[in-house]
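The data block below is structure.cif; it holds mmCIF, C-alpha atoms and all ligand atoms.
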data_model
#
loop_
_atom_site.label_atom_id
_atom_site.label_comp_id
_atom_site.auth_asym_id
_atom_site.auth_seq_id
_atom_site.Cartn_x
_atom_site.Cartn_y
_atom_site.Cartn_z
CA MET A 106 31.36 41.32 -31.55
CA HIS A 107 29.40 40.04 -34.49
CA TYR A 108 26.59 42.13 -35.84
CA SER A 109 24.00 39.45 -34.98
CA GLU A 110 25.22 39.24 -31.38
CA SER A 111 25.00 42.98 -30.81
CA LEU A 112 21.53 43.04 -32.36
CA LEU A 113 20.48 40.29 -29.98
CA LEU A 114 21.88 42.19 -26.99
CA ALA A 115 20.10 45.38 -28.00
CA LEU A 116 16.89 43.44 -28.39
CA TRP A 117 17.34 41.81 -24.99
CA ALA A 118 17.98 45.15 -23.33
CA SER A 119 14.89 46.73 -24.86
CA VAL A 120 12.65 43.79 -23.95
CA ALA A 121 14.03 43.64 -20.42
CA SER A 122 13.62 47.35 -19.78
CA ALA A 123 10.14 47.47 -21.30
CA HIS A 124 9.21 44.54 -19.10
CA GLY A 125 10.74 46.13 -16.02
CA ASN A 126 8.93 49.40 -16.55
CA HIS A 127 5.52 47.89 -17.17
CA ASP A 128 5.53 44.95 -14.81
CA ASP A 129 2.02 45.63 -13.56
CA GLN A 130 0.63 45.54 -17.07
CA ILE A 131 1.50 41.90 -17.54
CA PRO A 132 -1.59 39.86 -16.70
CA MET A 133 -0.45 37.51 -13.93
CA SER A 134 -3.60 36.61 -12.10
CA GLY A 135 -5.59 33.42 -11.70
CA PRO A 136 -4.69 30.08 -10.18
CA HIS A 137 -1.50 28.12 -10.73
CA GLN A 138 0.85 30.99 -11.28
CA SER A 139 3.68 28.54 -10.88
CA LEU A 140 2.66 27.19 -14.25
CA TRP A 141 2.95 30.60 -15.89
CA TYR A 142 6.05 30.75 -17.97
CA ASN A 143 5.61 33.87 -20.03
CA ARG A 144 8.24 35.94 -18.25
CA LEU A 145 11.94 36.40 -18.70
CA PRO A 146 14.25 34.55 -16.35
CA GLY A 147 15.56 36.75 -13.57
CA ASP A 148 12.88 39.43 -13.73
CA GLY A 149 11.33 38.47 -10.41
CA GLY A 150 8.58 36.44 -11.96
CA THR A 151 8.18 32.67 -11.86
CA GLN A 152 10.76 30.58 -13.58
CA ALA A 153 8.53 27.53 -13.84
CA ASP A 154 8.62 25.36 -16.91
CA ALA A 155 5.94 25.29 -19.55
CA VAL A 156 3.64 22.25 -19.66
CA PHE A 157 5.75 21.01 -22.57
CA SER A 158 9.14 21.42 -20.88
CA GLY A 159 10.90 20.44 -17.70
CA ILE A 160 10.72 17.25 -15.65
CA SER A 161 7.44 15.30 -15.69
CA THR A 162 5.39 14.61 -12.59
CA PHE A 163 1.75 13.55 -12.58
CA GLY A 164 -0.23 16.60 -13.69
CA ARG A 165 2.93 18.65 -13.02
CA LEU A 166 2.25 18.29 -9.29
CA PRO A 167 5.10 18.99 -6.87
CA TYR A 168 7.50 16.06 -6.52
CA GLU A 169 8.70 14.83 -3.14
CA PRO A 170 10.78 11.67 -2.59
CA CYS A 171 8.29 10.55 0.10
CA LEU A 172 9.93 7.16 0.66
CA GLN A 173 13.24 8.81 1.56
CA LYS A 174 11.71 11.73 3.50
CA SER A 175 9.42 10.81 6.39
CA ASP A 176 8.47 14.44 7.12
CA VAL A 177 6.59 14.97 3.84
CA SER A 178 2.81 15.01 4.26
CA TYR A 179 -0.03 14.93 1.74
CA ASP A 180 -3.70 14.04 1.40
CA ILE A 181 -3.38 12.32 -1.96
CA ALA A 182 -0.10 10.79 -3.11
CA PHE A 183 0.73 9.47 -6.56
CA ILE A 184 3.32 6.69 -6.49
CA GLY A 185 4.68 4.56 -9.34
CA ALA A 186 5.18 0.78 -9.24
CA PRO A 187 7.25 -0.01 -12.36
CA PHE A 188 6.78 -3.80 -12.37
CA ASP A 189 5.97 -5.87 -15.47
CA THR A 190 7.38 -9.35 -14.90
CA GLY A 191 3.93 -10.84 -14.26
CA THR A 192 2.61 -10.34 -17.80
CA SER A 193 1.33 -13.11 -20.07
CA TYR A 194 1.56 -11.32 -23.43
CA ARG A 195 3.10 -7.92 -24.14
CA PRO A 196 5.64 -6.73 -21.55
CA GLY A 197 6.47 -3.05 -21.05
CA ALA A 198 4.24 -1.75 -18.25
CA ARG A 199 7.37 -0.97 -16.20
CA PHE A 200 7.38 2.21 -18.27
CA GLY A 201 3.76 2.91 -17.30
CA PRO A 202 4.51 5.38 -14.48
CA SER A 203 6.79 7.55 -16.61
CA GLY A 204 4.44 7.25 -19.61
CA ILE A 205 1.37 8.27 -17.61
CA ARG A 206 3.25 11.25 -16.19
CA GLN A 207 4.19 12.27 -19.73
CA GLY A 208 0.54 11.89 -20.81
CA SER A 209 -0.65 13.99 -17.85
CA ARG A 210 1.35 17.15 -18.43
CA ARG A 211 -1.47 19.22 -19.86
CA LEU A 212 -4.08 18.29 -17.20
CA ASN A 213 -3.99 21.68 -15.50
CA LEU A 214 -2.82 23.93 -18.32
CA TYR A 215 -5.97 26.03 -17.92
CA GLY A 216 -6.17 25.58 -14.13
CA GLY A 217 -7.56 22.05 -13.87
CA TYR A 218 -11.21 22.77 -13.02
CA ASN A 219 -13.42 19.73 -13.62
CA VAL A 220 -16.64 21.05 -15.17
CA PRO A 221 -18.98 18.02 -14.83
CA LEU A 222 -17.88 17.37 -11.23
CA ALA A 223 -17.70 21.10 -10.37
CA THR A 224 -14.43 20.72 -8.48
CA ASN A 225 -10.76 21.51 -8.96
CA PRO A 226 -8.49 18.68 -7.79
CA PHE A 227 -5.43 20.87 -8.36
CA ASN A 228 -6.73 23.72 -6.21
CA SER A 229 -8.62 22.46 -3.16
CA TRP A 230 -8.34 21.58 0.55
CA ALA A 231 -6.10 18.65 -0.44
CA THR A 232 -2.33 18.55 -0.63
CA VAL A 233 -1.59 16.39 -3.65
CA LEU A 234 1.95 15.24 -4.45
CA ASP A 235 3.81 13.00 -6.84
CA CYS A 236 5.98 10.78 -4.62
CA GLY A 237 7.98 9.25 -7.47
CA ASP A 238 8.36 5.48 -7.83
CA ILE A 239 8.77 2.56 -5.47
CA PRO A 240 12.09 0.85 -6.26
CA VAL A 241 11.18 -2.48 -7.89
CA THR A 242 13.55 -5.24 -8.95
CA SER A 243 12.96 -6.87 -12.33
CA TYR A 244 14.87 -10.03 -11.32
CA ASP A 245 12.79 -11.52 -8.52
CA ASN A 246 9.00 -11.29 -8.46
CA THR A 247 8.63 -12.37 -4.84
CA PHE A 248 11.01 -9.66 -3.70
CA ALA A 249 9.45 -7.10 -6.06
CA LEU A 250 6.00 -7.75 -4.57
CA ARG A 251 7.40 -7.22 -1.09
CA GLN A 252 9.00 -3.96 -2.23
CA ILE A 253 5.66 -2.78 -3.61
CA GLU A 254 3.71 -3.73 -0.47
CA GLU A 255 6.21 -2.09 1.88
CA GLY A 256 6.64 0.99 -0.32
CA HIS A 257 2.87 1.46 -0.60
CA PHE A 258 2.30 0.92 3.10
CA ARG A 259 4.92 3.52 4.00
CA ILE A 260 3.10 6.05 1.82
CA LEU A 261 -0.35 4.98 3.07
CA SER A 262 0.33 4.79 6.81
CA ARG A 263 1.53 8.37 7.21
CA GLU A 264 -0.50 11.16 8.86
CA PRO A 265 -2.24 13.14 6.13
CA ALA A 266 -1.66 16.87 5.63
CA THR A 267 -5.31 17.58 6.40
CA ASP A 268 -6.50 15.92 9.58
CA ALA A 269 -10.18 16.68 9.78
CA ASP A 270 -11.05 14.51 12.77
CA GLU A 271 -9.41 13.04 15.82
CA PRO A 272 -7.68 9.80 14.84
CA GLY A 273 -9.49 6.76 16.17
CA PRO A 274 -7.82 3.96 18.13
CA ALA A 275 -5.87 1.23 16.37
CA VAL A 276 -7.83 -2.01 16.08
CA LYS A 277 -5.93 -5.25 16.63
CA GLY A 278 -2.67 -3.84 15.39
CA ARG A 279 -4.33 -2.37 12.35
CA LEU A 280 -4.54 1.29 11.46
CA LYS A 281 -8.34 1.21 11.27
CA GLY A 282 -9.77 4.49 12.37
CA LYS A 283 -6.47 6.29 12.05
CA THR A 284 -6.56 9.29 9.79
CA LEU A 285 -4.98 8.22 6.51
CA PRO A 286 -4.11 9.82 3.20
CA ARG A 287 -5.25 8.38 -0.13
CA VAL A 288 -2.74 6.76 -2.46
CA ILE A 289 -3.05 6.44 -6.25
CA THR A 290 -0.60 3.94 -7.74
CA LEU A 291 0.66 4.11 -11.31
CA GLY A 292 1.42 0.58 -12.59
CA GLY A 293 2.96 -1.61 -13.58
CA ASP A 294 1.21 -4.78 -14.73
CA HIS A 295 -1.88 -5.86 -12.81
CA THR A 296 0.05 -8.22 -10.51
CA ILE A 297 0.87 -5.15 -8.39
CA THR A 298 -2.71 -5.02 -7.11
CA LEU A 299 -1.98 -8.05 -4.88
CA PRO A 300 0.77 -6.34 -2.83
CA LEU A 301 -1.25 -3.11 -2.91
CA LEU A 302 -4.25 -4.91 -1.40
CA ARG A 303 -1.98 -6.53 1.19
CA SER A 304 -0.90 -3.03 2.22
CA ILE A 305 -4.51 -1.79 2.21
CA ASN A 306 -5.49 -4.78 4.36
CA ARG A 307 -2.93 -3.83 7.00
CA ALA A 308 -4.65 -0.44 7.29
CA TYR A 309 -8.34 -1.21 6.70
CA GLY A 310 -8.89 -4.98 6.88
CA PRO A 311 -10.86 -6.58 4.01
CA VAL A 312 -12.10 -4.01 1.48
CA THR A 313 -14.56 -3.76 -1.36
CA VAL A 314 -13.06 -3.61 -4.85
CA ILE A 315 -14.37 -1.92 -7.98
CA HIS A 316 -12.38 -3.38 -10.84
CA PHE A 317 -12.49 -1.96 -14.38
CA ASP A 318 -10.98 -4.46 -16.82
CA SER A 319 -11.71 -6.54 -19.90
CA HIS A 320 -10.44 -9.57 -17.94
CA LEU A 321 -11.54 -11.31 -14.74
CA ASP A 322 -8.11 -11.72 -13.14
CA THR A 323 -9.60 -14.19 -10.65
CA TRP A 324 -8.29 -17.18 -12.58
CA LYS A 325 -7.04 -20.14 -10.63
CA PRO A 326 -3.26 -20.42 -11.11
CA LYS A 327 -3.64 -23.88 -12.70
CA VAL A 328 -6.00 -22.37 -15.29
CA PHE A 329 -4.00 -19.20 -15.99
CA GLY A 330 -0.29 -19.86 -16.53
CA GLY A 331 -0.29 -23.43 -15.33
CA ALA A 332 1.46 -22.63 -12.04
CA PRO A 333 4.73 -24.53 -12.59
CA SER A 334 5.94 -22.90 -9.35
CA ASP A 335 4.59 -20.80 -6.49
CA VAL A 336 6.26 -17.74 -7.95
CA ALA A 337 4.68 -18.34 -11.37
CA SER A 338 1.25 -18.80 -9.77
CA VAL A 339 1.18 -15.09 -8.89
CA ASN A 340 0.71 -13.12 -12.10
CA HIS A 341 -1.51 -10.54 -13.76
CA GLY A 342 -4.32 -13.05 -14.38
CA THR A 343 -4.44 -14.62 -10.90
CA TYR A 344 -3.78 -11.87 -8.34
CA PHE A 345 -7.48 -11.46 -7.41
CA TYR A 346 -7.76 -15.21 -6.81
CA HIS A 347 -4.87 -14.93 -4.35
CA ALA A 348 -6.37 -11.76 -2.83
CA ALA A 349 -9.67 -13.57 -2.22
CA MET A 350 -7.96 -16.62 -0.74
CA GLU A 351 -5.86 -14.39 1.53
CA GLY A 352 -9.03 -12.69 2.81
CA LEU A 353 -8.11 -9.27 1.46
CA LEU A 354 -11.51 -8.78 -0.22
CA LYS A 355 -14.84 -8.29 1.47
CA ASN A 356 -16.75 -11.16 -0.13
CA ASP A 357 -19.87 -10.46 -2.14
CA THR A 358 -19.32 -6.70 -2.34
CA ASN A 359 -16.88 -6.58 -5.27
CA ILE A 360 -17.60 -5.90 -8.92
CA HIS A 361 -15.82 -6.03 -12.28
CA ALA A 362 -16.92 -3.74 -15.10
CA GLY A 363 -15.95 -3.80 -18.78
CA ILE A 364 -15.49 -7.59 -18.98
CA ARG A 365 -15.26 -9.15 -22.48
CA THR A 366 -12.55 -11.79 -22.20
CA THR A 367 -12.71 -15.30 -23.58
CA LEU A 368 -12.71 -18.03 -20.94
CA SER A 369 -11.35 -21.49 -20.39
CA GLY A 370 -15.05 -22.31 -19.94
CA PRO A 371 -18.12 -21.25 -17.92
CA SER A 372 -16.41 -22.47 -14.74
CA ASP A 373 -14.24 -19.34 -14.83
CA TYR A 374 -17.36 -17.31 -14.06
CA GLU A 375 -18.33 -19.67 -11.23
CA ASN A 376 -14.87 -19.30 -9.75
CA ASP A 377 -15.19 -15.54 -10.12
CA GLY A 378 -18.36 -15.57 -7.99
CA TYR A 379 -16.55 -17.72 -5.46
CA CYS A 380 -13.87 -15.02 -5.30
CA GLY A 381 -16.60 -12.56 -4.36
CA PHE A 382 -17.27 -10.62 -7.57
CA GLU A 383 -20.26 -9.59 -9.66
CA ILE A 384 -19.68 -9.04 -13.40
CA VAL A 385 -20.72 -6.16 -15.66
CA GLU A 386 -19.98 -7.05 -19.28
CA ALA A 387 -18.61 -4.37 -21.64
CA ARG A 388 -21.47 -4.99 -24.08
CA GLU A 389 -24.10 -4.11 -21.47
CA ILE A 390 -23.47 -0.49 -22.39
CA ASP A 391 -25.52 -1.17 -25.55
CA THR A 392 -28.57 -2.22 -23.53
CA ILE A 393 -28.49 -0.44 -20.16
CA GLY A 394 -26.17 2.44 -21.06
CA ALA A 395 -23.61 4.18 -18.87
CA GLU A 396 -26.37 5.09 -16.40
CA GLY A 397 -27.37 1.45 -15.96
CA ILE A 398 -23.75 0.41 -15.42
CA ILE A 399 -23.24 3.14 -12.83
CA ARG A 400 -26.38 1.97 -11.02
CA LYS A 401 -25.15 -1.65 -10.93
CA ILE A 402 -21.80 -0.64 -9.48
CA ARG A 403 -23.32 1.69 -6.88
CA ASN A 404 -25.88 -0.92 -5.81
CA ARG A 405 -23.14 -3.47 -5.36
CA VAL A 406 -20.64 -1.42 -3.37
CA GLY A 407 -22.87 1.07 -1.58
CA THR A 408 -21.51 4.31 -0.18
CA LYS A 409 -20.41 3.07 3.24
CA ASN A 410 -17.81 0.38 2.47
CA PRO A 411 -14.20 1.49 2.07
CA VAL A 412 -13.61 0.92 -1.65
CA TYR A 413 -10.40 0.18 -3.51
CA LEU A 414 -10.58 1.13 -7.20
CA SER A 415 -8.42 -0.79 -9.69
CA ILE A 416 -8.43 0.30 -13.32
CA ASP A 417 -6.87 -1.76 -16.11
CA ILE A 418 -6.40 0.54 -19.10
CA ASP A 419 -7.53 -2.40 -21.30
CA THR A 420 -11.08 -1.62 -20.14
CA LEU A 421 -10.91 0.87 -22.99
CA ASP A 422 -11.21 -0.28 -26.57
CA PRO A 423 -7.79 -0.58 -28.26
CA ALA A 424 -8.93 2.24 -30.57
CA PHE A 425 -8.61 4.50 -27.53
CA ALA A 426 -5.87 2.71 -25.59
CA PRO A 427 -3.75 0.44 -27.80
CA ALA A 428 -0.68 0.47 -25.54
CA THR A 429 -1.47 -2.32 -23.13
CA GLY A 430 -0.39 -5.84 -22.26
CA THR A 431 -3.44 -7.81 -23.40
CA PRO A 432 -5.71 -5.66 -25.61
CA GLU A 433 -9.32 -6.78 -26.26
CA THR A 434 -11.53 -5.22 -28.92
CA GLY A 435 -15.13 -4.31 -28.14
CA GLY A 436 -14.41 -2.03 -25.20
CA TRP A 437 -15.68 1.32 -24.03
CA SER A 438 -14.59 4.67 -25.34
CA THR A 439 -12.60 7.05 -23.16
CA ARG A 440 -15.70 9.24 -22.87
CA GLU A 441 -17.81 6.31 -21.64
CA LEU A 442 -15.29 5.20 -19.03
CA ARG A 443 -14.85 8.75 -17.75
CA THR A 444 -18.63 9.14 -17.48
CA ILE A 445 -18.93 5.87 -15.56
CA ILE A 446 -16.13 6.83 -13.18
CA ARG A 447 -17.69 10.23 -12.53
CA GLY A 448 -20.87 8.31 -11.73
CA LEU A 449 -19.11 6.92 -8.67
CA GLU A 450 -19.34 10.26 -6.88
CA GLY A 451 -19.98 9.69 -3.19
CA VAL A 452 -18.51 6.17 -3.17
CA ASN A 453 -15.97 5.89 -0.37
CA LEU A 454 -12.75 5.62 -2.41
CA ILE A 455 -9.78 5.04 -0.11
CA ALA A 456 -7.14 4.26 -2.77
CA ALA A 457 -6.79 3.44 -6.46
CA ASP A 458 -4.47 2.14 -9.12
CA ILE A 459 -4.22 2.27 -12.89
CA VAL A 460 -2.31 -0.55 -14.53
CA GLU A 461 -1.19 -2.22 -17.77
CA VAL A 462 -0.13 0.97 -19.55
CA ALA A 463 2.77 -0.14 -21.76
CA PRO A 464 3.84 3.02 -23.62
CA ALA A 465 6.03 1.25 -26.20
CA TYR A 466 2.86 0.18 -28.06
CA ASP A 467 1.27 3.60 -28.01
CA THR A 468 0.49 5.83 -30.96
CA ASN A 469 2.75 8.79 -31.66
CA ALA A 470 -0.18 10.88 -30.43
CA GLU A 471 0.09 9.31 -26.94
CA HIS A 472 -3.52 8.07 -26.92
CA THR A 473 -3.05 5.55 -24.12
CA THR A 474 -0.98 7.58 -21.68
CA MET A 475 -3.32 10.55 -22.15
CA ALA A 476 -6.36 8.34 -21.55
CA ALA A 477 -4.79 6.93 -18.38
CA ALA A 478 -3.97 10.42 -17.11
CA ASP A 479 -7.45 11.72 -17.86
CA VAL A 480 -9.12 8.75 -16.15
CA LEU A 481 -6.99 9.44 -13.05
CA TYR A 482 -8.00 13.09 -13.22
CA GLU A 483 -11.61 11.95 -12.70
CA VAL A 484 -10.52 9.69 -9.82
CA MET A 485 -8.60 12.54 -8.19
CA SER A 486 -11.61 14.81 -8.60
CA LEU A 487 -13.90 12.27 -6.87
CA MET A 488 -11.48 11.97 -3.95
CA VAL A 489 -11.17 15.72 -3.53
CA LYS A 490 -14.92 16.22 -3.79
CA LYS A 491 -15.58 13.60 -1.12
CA GLY A 492 -13.35 15.39 1.40
CA PRO A 493 -10.71 14.07 3.81
CA LEU A 494 -10.99 10.37 4.63
CA SER A 495 -10.86 11.05 8.32
CA LYS A 496 -14.33 12.49 8.03
CA THR A 497 -15.72 9.31 6.56
CA ILE A 498 -14.00 6.39 8.29
CA ASP A 499 -14.67 5.45 11.90
CA SER A 500 -12.72 3.03 14.08
CA ASN A 501 -14.51 0.09 12.45
CA GLY A 502 -13.53 1.26 9.01
CA ARG A 503 -17.12 2.34 8.36
CA ASN A 504 -18.35 5.48 6.74
CA THR A 505 -19.92 7.71 9.36
CA ARG A 506 -21.00 10.58 7.18
CA ASP A 507 -24.71 10.98 6.69
CA LEU A 508 -25.08 10.47 2.95
C1 LIG B 601 -18.35 -15.58 -1.36
O1 LIG B 601 -19.75 -15.46 -1.41
C2 LIG B 601 -20.35 -16.35 -2.36
C3 LIG B 601 -21.82 -16.00 -2.50
O2 LIG B 601 -22.42 -15.87 -1.24
C4 LIG B 601 -20.12 -17.79 -1.91
O3 LIG B 601 -20.69 -18.67 -2.83
C5 LIG B 601 -18.61 -18.03 -1.85
O4 LIG B 601 -18.34 -19.31 -1.35
C6 LIG B 601 -17.92 -16.98 -0.98
N1 LIG B 601 -16.49 -17.12 -1.17
C7 LIG B 601 -15.64 -17.28 -0.19
C8 LIG B 601 -14.21 -17.35 -0.58
O5 LIG B 601 -15.97 -17.34 0.98
MN MN B 602 -6.92 -6.78 -18.23
#

Turn this file's structure into structure tokens for me.
Amino acid sequence: MHYSESLLLALWASVASAHGNHDDQIPMSGPHQSLWYNRLPGDGGTQADAVFSGISTFGRLPYEPCLQKSDVSYDIAFIGAPFDTGTSYRPGARFGPSGIRQGSRRLNLYGGYNVPLATNPFNSWATVLDCGDIPVTSYDNTFALRQIEEGHFRILSREPATDADEPGPAVKGRLKGKTLPRVITLGGDHTITLPLLRSINRAYGPVTVIHFDSHLDTWKPKVFGGAPSDVASVNHGTYFYHAAMEGLLKNDTNIHAGIRTTLSGPSDYENDGYCGFEIVEAREIDTIGAEGIIRKIRNRVGTKNPVYLSIDIDTLDPAFAPATGTPETGGWSTRELRTIIRGLEGVNLIAADIVEVAPAYDTNAEHTTMAAADVLYEVMSLMVKKGPLSKTIDSNGRNTRDL
């Protein structure tokens, strides 16, 4: 035996015995003990990884392959949709789900308590899981969109872990009134929101959308992309046009916020109104502030409508989130967007997505994936604070809680 090896063994023995003799002196209290990693393997303590090691899930939540296992239940599920063949400029959002997970590792290092919202989404009534990714082909957009719709619907249409109320009756083959979990989808380019809304429609009927983005995404296919074929007409600039034409949106209740795109002309805004949206421009933050923007959104969507929240990471200025498909300067800071999202407390969020995170263009410091993770942390917190959906949705899909 080499001298260094025997020294190491002696050291190991002394550490192990000291540890064994004084087990109760090691401070192991507080939430999230599974995240504690300051013990020796095999000493009876946790063998969990550190936040900087091991396999990544969103916020280091437990992973379950929910699509393969029908007996897994949850109240909030994270699911990835690694699709990016609907992009007009920079591809790469197929790596969004894994990038966001990587950027989210430190979310609950200290326990995860959200100070401004006074809630802990990692330690609450809710069972929150990372369900992995929906399998998505990169060779056939039509098939990929079907995969995303079916995958999402299988996650959405399951009984939640926490069933606060009696499930209501199904309405015309829909799941309206049934107790449902919430699903947060990690994109993927923004095209995925069309199949996600198709899935949502099967459960809730037409919904209200809050859309954070620098772009409208209601462009007519002839205007955006030229629509040389039906397949090409569905892309990350046109999916809301299709959603409106398919009746997936509740007209005149939807709102975009953070808009600062150039247009083909003023008619793009007219078409946007036709698709059922109001517009909050990014630059309005200079005149009405975050408070004014929150007020506009709340006035538009109310607190009774079931609301789908779709967040394009390009809402943020490229200084804060450079790694995205179509960056636009002049956007909000991460602090401003987080403040505005927290301002949606009480809004009836049934599901959400975050899209257009393309990690290949990120800084070495992971600005974009961290920003995406932190924005979702606020969304998760809002959902947990609001309570189980079954308490808030009646058989007409209406909020019954006295607000
Ligand atoms: C939505 O509502 C607006 C404003 O009332 C209306 O102009 C538009 O035609 C409606 N769109 C659809 C698709 O029904
Ligand atoms: Mn966008």

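Proximity to Leu285 (chain A) was assessed for A:Leu261, A:Cys171, A:Leu368, A:Ala477 counting all atoms listed in the file; the smallest distance is recorded for A:Leu261.
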
Ranking A:Ala426, A:Asp357, A:Phe258, A:Gly436 by minimum distance to Asp391 (chain A) and counting all atoms listed in the file, which one comes first?
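Looking at the shortest contact to Asp391 (chain A), the residue is A:Gly436.
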
Produce as a ChimeraX atom specification the set of residues near ligand MN 602 (chain B), where near means within 8 Å with all atoms listed in the file considered.
/A:295,318-322,341-342,417-420,430-432,461

Select the residues contacting ligand LIG 601 (chain B) at a distance of at most 7 Å, based on all atoms listed in the file, then format the selection as a PyMOL selection string.
chain A and resi 349-350+356-357+378-381

Do you know which residues lie at most 6 Å from (-3.7, 6.2, -5.7), with coordinates as in the file and all atoms listed in the file counted, and could you write them as a VMD selection string?
chain A and resid 183 288 to 290 456 to 458

Filtering to C-alpha atoms, could you give me those residues as a tab-separated table (two decimals), in the frame of the given file?
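File written: out_37.tsv
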chain	number	residue	atom	x	y	z
A	183	PHE	CA	0.73	9.47	-6.56
A	288	VAL	CA	-2.74	6.76	-2.46
A	289	ILE	CA	-3.05	6.44	-6.25
A	290	THR	CA	-0.60	3.94	-7.74
A	456	ALA	CA	-7.14	4.26	-2.77
A	457	ALA	CA	-6.79	3.44	-6.46
A	458	ASP	CA	-4.47	2.14	-9.12

Can you report as JSON the centre and edge lengths in Å, to one decimal, of an axis-aligned box around the listed atoms of region 334-344 of chain A padded with 3 Å on each side?
{"center_x": 0.9, "center_y": -16.7, "center_z": -10.4, "size_x": 16.7, "size_y": 18.4, "size_z": 13.9}

Rounded to one decimal, what separation in Å do you get between CA of Thr343 (chain A) and CA of Gly197 (chain A)?
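Pair CA of Thr343 (chain A) / CA of Gly197 (chain A) returns 18.9 Å.
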
So which one's closest to Ile260 (chain A), A:Gly204, A:Pro196, A:Gly185, A:Gly331? Using only C-alpha atoms, please.
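So, comparing all the options, the nearest one is A:Gly185.
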
Can you check which parts of region 319-432 of chain A lie within 10 Å of region 245-248 of chain A? Per residue, the shortest pair of atoms and distance in Å to one decimal, counting all atoms listed in the file, sorted by chain and number, as a Markdown table.
| residue | atom | partner | partner_atom | distance |
| --- | --- | --- | --- | --- |
| A:Asp335 | CA | A:Thr247 | CA | 9.5 |
| A:Val336 | CA | A:Thr247 | CA | 6.6 |
| A:Ala337 | CA | A:Asn246 | CA | 8.8 |
| A:Val339 | CA | A:Asn246 | CA | 8.7 |
| A:Asn340 | CA | A:Asn246 | CA | 9.2 |

Computed interatomic separation between CA of Val460 (chain A) and CA of Thr296 (chain A) (Å)
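Here the two named atoms are 9.0 Å from each other.
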
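Using all atoms listed in the file, the nearest neighbour of Ser486 (chain A) within the list A:Ala362, A:Leu353, A:Val412, A:Leu222 is A:Leu222.
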
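Between Thr313 (chain A) and the residues A:Gly435, A:Gly407, A:Pro167, A:Gly370, the shortest atom-to-atom distance, using all atoms listed in the file, involves A:Gly407.
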
Restricting the calculation to only C-alpha atoms: of A:Ala231, A:Ile239, A:Leu212, A:Ala424, which residue gets closest to Pro493 (chain A)?
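Residue with the minimum atom-to-atom distance to Pro493 (chain A): A:Ala231.
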
Test item: residues at most 12 Å from Ile253 (chain A), only C-alpha atoms, excluding those fewer than 3 positions along its chain, as JSON, numbers by chain
{"A": [172, 184, 185, 186, 187, 188, 238, 239, 240, 241, 242, 246, 247, 248, 249, 250, 256, 257, 258, 259, 260, 261, 290, 291, 292, 293, 296, 297, 298, 299, 300, 301, 302, 303, 304, 305]}

Could you work out how far CA of Phe345 (chain A) lies from CA of Lys325 (chain A), giving the answer in Å with one decimal?
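One can read the CA of Lys325 (chain A) to CA of Phe345 (chain A) distance as 9.3 Å.
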
Name the residues in contact with Val484 (chain A) at a cut-off of 12 Å, using only C-alpha atoms, excluding same-chain residues fewer than 5 positions from it; report them as a compact mmCIF listing (two decimals) with C-alpha atoms, in the frame of the given file.
# COMPACT_ATOMS: atom_id res chain seq x y z
CA ILE A 181 -3.38 12.32 -1.96
CA PHE A 183 0.73 9.47 -6.56
CA ASN A 219 -13.42 19.73 -13.62
CA LEU A 222 -17.88 17.37 -11.23
CA THR A 224 -14.43 20.72 -8.48
CA ASN A 225 -10.76 21.51 -8.96
CA PRO A 226 -8.49 18.68 -7.79
CA ARG A 287 -5.25 8.38 -0.13
CA VAL A 288 -2.74 6.76 -2.46
CA ILE A 289 -3.05 6.44 -6.25
CA THR A 290 -0.60 3.94 -7.74
CA TYR A 413 -10.40 0.18 -3.51
CA LEU A 414 -10.58 1.13 -7.20
CA SER A 415 -8.42 -0.79 -9.69
CA ILE A 416 -8.43 0.30 -13.32
CA LEU A 442 -15.29 5.20 -19.03
CA ARG A 443 -14.85 8.75 -17.75
CA THR A 444 -18.63 9.14 -17.48
CA ILE A 445 -18.93 5.87 -15.56
CA ILE A 446 -16.13 6.83 -13.18
CA ARG A 447 -17.69 10.23 -12.53
CA GLY A 448 -20.87 8.31 -11.73
CA LEU A 449 -19.11 6.92 -8.67
CA GLU A 450 -19.34 10.26 -6.88
CA GLY A 451 -19.98 9.69 -3.19
CA VAL A 452 -18.51 6.17 -3.17
CA ASN A 453 -15.97 5.89 -0.37
CA LEU A 454 -12.75 5.62 -2.41
CA ILE A 455 -9.78 5.04 -0.11
CA ALA A 456 -7.14 4.26 -2.77
CA ALA A 457 -6.79 3.44 -6.46
CA ASP A 458 -4.47 2.14 -9.12
CA ILE A 459 -4.22 2.27 -12.89
CA ALA A 477 -4.79 6.93 -18.38
CA ALA A 478 -3.97 10.42 -17.11
CA ASP A 479 -7.45 11.72 -17.86
CA VAL A 489 -11.17 15.72 -3.53
CA LYS A 490 -14.92 16.22 -3.79
CA LYS A 491 -15.58 13.60 -1.12

Might you pull out every residue within 9 Å of Leu166 (chain A), with only C-alpha atoms counted and same-chain residues fewer than 2 positions away left off, and present them as an MDAnalysis selection string?
chainID A and resid 161:164 168 227 233:235
